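For reference, entry-v7.pdb is printed below; it contains PDB, C-alpha atoms and all ligand atoms.
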MODEL        1
ATOM      1  CA  MET O   1     170.834 191.182-159.625
ATOM      2  CA  THR O   2     168.378 193.536-157.990
ATOM      3  CA  ALA O   3     168.895 195.122-154.589
ATOM      4  CA  ALA O   4     165.658 194.946-152.603
ATOM      5  CA  ARG O   5     166.587 197.053-149.618
ATOM      6  CA  PRO O   6     169.577 197.753-147.406
ATOM      7  CA  PRO O   7     170.193 195.391-144.481
ATOM      8  CA  ILE O   8     168.420 196.255-141.289
ATOM      9  CA  SER O   9     169.809 196.037-137.802
ATOM     10  CA  LEU O  10     167.288 194.972-135.253
ATOM     11  CA  PRO O  11     167.835 195.826-131.617
ATOM     12  CA  VAL O  12     168.787 192.783-129.594
ATOM     13  CA  ALA O  13     167.328 192.409-126.151
ATOM     14  CA  ARG O  14     169.971 192.498-123.459
ATOM     15  CA  SER O  15     170.180 189.479-121.255
ATOM     16  CA  THR O  16     171.778 188.979-117.905
ATOM     17  CA  TYR O  17     171.902 185.237-118.493
ATOM     18  CA  PHE O  18     175.060 185.137-120.521
ATOM     19  CA  CYS O  19     178.407 186.906-120.563
ATOM     20  CA  PRO O  20     179.580 189.660-122.943
ATOM     21  CA  VAL O  21     181.552 187.139-125.000
ATOM     22  CA  ALA O  22     178.412 185.069-125.575
ATOM     23  CA  GLU O  23     176.572 188.246-126.495
ATOM     24  CA  THR O  24     179.234 188.989-129.105
ATOM     25  CA  TYR O  25     178.803 185.511-130.590
ATOM     26  CA  LEU O  26     175.019 185.912-130.555
ATOM     27  CA  LEU O  27     175.182 189.300-132.274
ATOM     28  CA  ARG O  28     177.451 187.874-134.969
ATOM     29  CA  PHE O  29     175.068 184.939-135.456
ATOM     30  CA  GLY O  30     172.141 187.361-135.709
ATOM     31  CA  ALA O  31     173.928 189.619-138.188
ATOM     32  CA  ILE O  32     174.601 186.681-140.506
ATOM     33  CA  VAL O  33     170.992 185.471-140.226
ATOM     34  CA  GLU O  34     169.925 188.997-141.182
ATOM     35  CA  GLU O  35     172.329 188.981-144.137
ATOM     36  CA  LEU O  36     170.916 185.646-145.253
ATOM     37  CA  LEU O  37     167.348 186.948-145.087
ATOM     38  CA  VAL O  38     168.276 190.001-147.159
ATOM     39  CA  LEU O  39     169.930 187.816-149.801
ATOM     40  CA  GLN O  40     166.894 185.548-149.980
ATOM     41  CA  GLU O  41     164.597 188.549-150.292
ATOM     42  CA  GLN O  42     166.776 190.004-153.044
ATOM     43  CA  GLN O  43     166.669 186.696-154.895
ATOM     44  CA  PHE O  44     162.880 186.560-154.545
ATOM     45  CA  VAL O  45     162.506 190.098-155.905
ATOM     46  CA  ALA O  46     164.854 189.276-158.770
ATOM     47  CA  LEU O  47     162.737 186.220-159.606
ATOM     48  CA  LEU O  48     159.558 188.314-159.495
ATOM     49  CA  HIS O  49     161.114 190.726-161.983
ATOM     50  CA  GLY O  50     162.179 187.920-164.303
ATOM     51  CA  ASP O  51     165.872 188.592-163.732
ATOM     52  CA  VAL O  52     167.663 185.736-165.488
ATOM     53  CA  SER O  53     170.666 186.165-163.178
ATOM     54  CA  ALA O  54     168.601 185.431-160.049
ATOM     55  CA  HIS O  55     170.315 182.050-159.742
ATOM     56  CA  GLN O  56     173.556 183.871-158.949
ATOM     57  CA  PHE O  57     172.208 184.531-155.474
ATOM     58  CA  ASP O  58     172.522 180.813-154.760
ATOM     59  CA  LEU O  59     176.293 181.046-154.281
ATOM     60  CA  LEU O  60     175.942 184.033-151.952
ATOM     61  CA  ILE O  61     173.178 182.284-150.017
ATOM     62  CA  GLU O  62     175.249 179.108-149.750
ATOM     63  CA  SER O  63     178.212 181.087-148.424
ATOM     64  CA  ALA O  64     176.003 182.933-145.924
ATOM     65  CA  ASN O  65     174.511 179.619-144.782
ATOM     66  CA  GLU O  66     177.987 178.210-144.130
ATOM     67  CA  ARG O  67     178.940 181.300-142.120
ATOM     68  CA  LYS O  68     175.642 181.096-140.230
ATOM     69  CA  ARG O  69     176.320 177.475-139.229
ATOM     70  CA  SER O  70     179.847 178.396-138.160
ATOM     71  CA  ALA O  71     178.630 181.373-136.109
ATOM     72  CA  LYS O  72     175.900 179.272-134.479
ATOM     73  CA  ASP O  73     178.383 176.504-133.630
ATOM     74  CA  ALA O  74     180.793 179.042-132.106
ATOM     75  CA  TYR O  75     177.986 180.550-130.028
ATOM     76  CA  LEU O  76     176.712 177.191-128.789
ATOM     77  CA  MET O  77     180.251 175.942-128.094
ATOM     78  CA  HIS O  78     180.934 179.014-125.984
ATOM     79  CA  LEU O  79     177.731 178.499-123.982
ATOM     80  CA  GLU O  80     178.622 174.854-123.401
ATOM     81  CA  GLN O  81     182.256 175.463-122.458
ATOM     82  CA  HIS O  82     181.722 178.612-120.416
ATOM     83  CA  GLY O  83     178.422 177.578-118.858
ATOM     84  CA  CYS O  84     177.117 181.120-119.000
ATOM     85  CA  CYS O  85     173.624 180.345-120.247
TER      86      CYS O  85
HETATM   87 ZN    ZN O 101     180.270 183.091-121.567
ENDMDL
END

Please lay out the structure from this file as structure tokens.
Ligand SMILES: [Zn+2]
Amino acid sequence: MTAARPPISLPVARSTYFCPVAETYLLRFGAIVEELLVLQEQQFVALLHGDVSAHQFDLLIESANERKRSAKDAYLMHLEQHGCC
């Protein structure tokens, strides 16, 4: 597998519309989305270079997708239950 670039951390705009707990959930959701994008980019670069092991990214991408869904569900559940959005 080929590493394309290190993960980046984008600044997240602060909002006064939700509580600090919701912000924590949102940041976690965003971090996993970022991780997923990096994995997909790495897989794309590996494919471009003819790396025969590029398919191995599929398991990592699948795992990241599952964690992304879980993080999104936790975020949305908090907003619904806490009513802070
Ligand atoms: Zn809240």

Could you give me, as an MDAnalysis selection string, the residues within 12 Å of Met77 in chain O, counting all atoms listed in the file and dropping anything in the same chain fewer than 5 positions from it?
chainID O and resid 21:22 25:26 69:72 82:85

With only C-alpha atoms as the atoms that count, which of O:Leu79, O:His49, O:Val33, O:Tyr17 lies nearest to Arg67 in chain O?
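Looking at the shortest contact to Arg67 in chain O, the residue is O:Val33.
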
One-decimal distance in Å that lies between CA of Phe18 in chain O and atom ZN of ligand ZN 101 (chain O):
5.7 Å

Could you please give me, as a ChimeraX atom specification, the residues of protein, DNA or RNA lying at most 12 Å from (165.1, 186.4, -158.9) in the coordinate frame of the file, considering all atoms listed in the file?
/O:1-4,39-58

CA of Pro20 in chain O and CA of Glu62 in chain O are how many Å apart?
29.1 Å

Computed interatomic separation between CA of His78 in chain O and CA of Ile61 in chain O (Å):
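Interatomic distance here is 25.5 Å.
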
Select, from O:Glu80, O:Cys19, O:Leu59, O:Ala64, the residue with the minimum atom-to-atom distance to Val38 in chain O, counting all atoms listed in the file.
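For Val38 in chain O, the nearest of the candidates is O:Ala64.
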
Where does the PyMOL selection byres (((chain O and resi 32) around 9) and not hetatm) land in this file, that is, which residues does it pick, as number ranges by chain?
O: 27-31, 33-37, 64-65, 67-68, 71
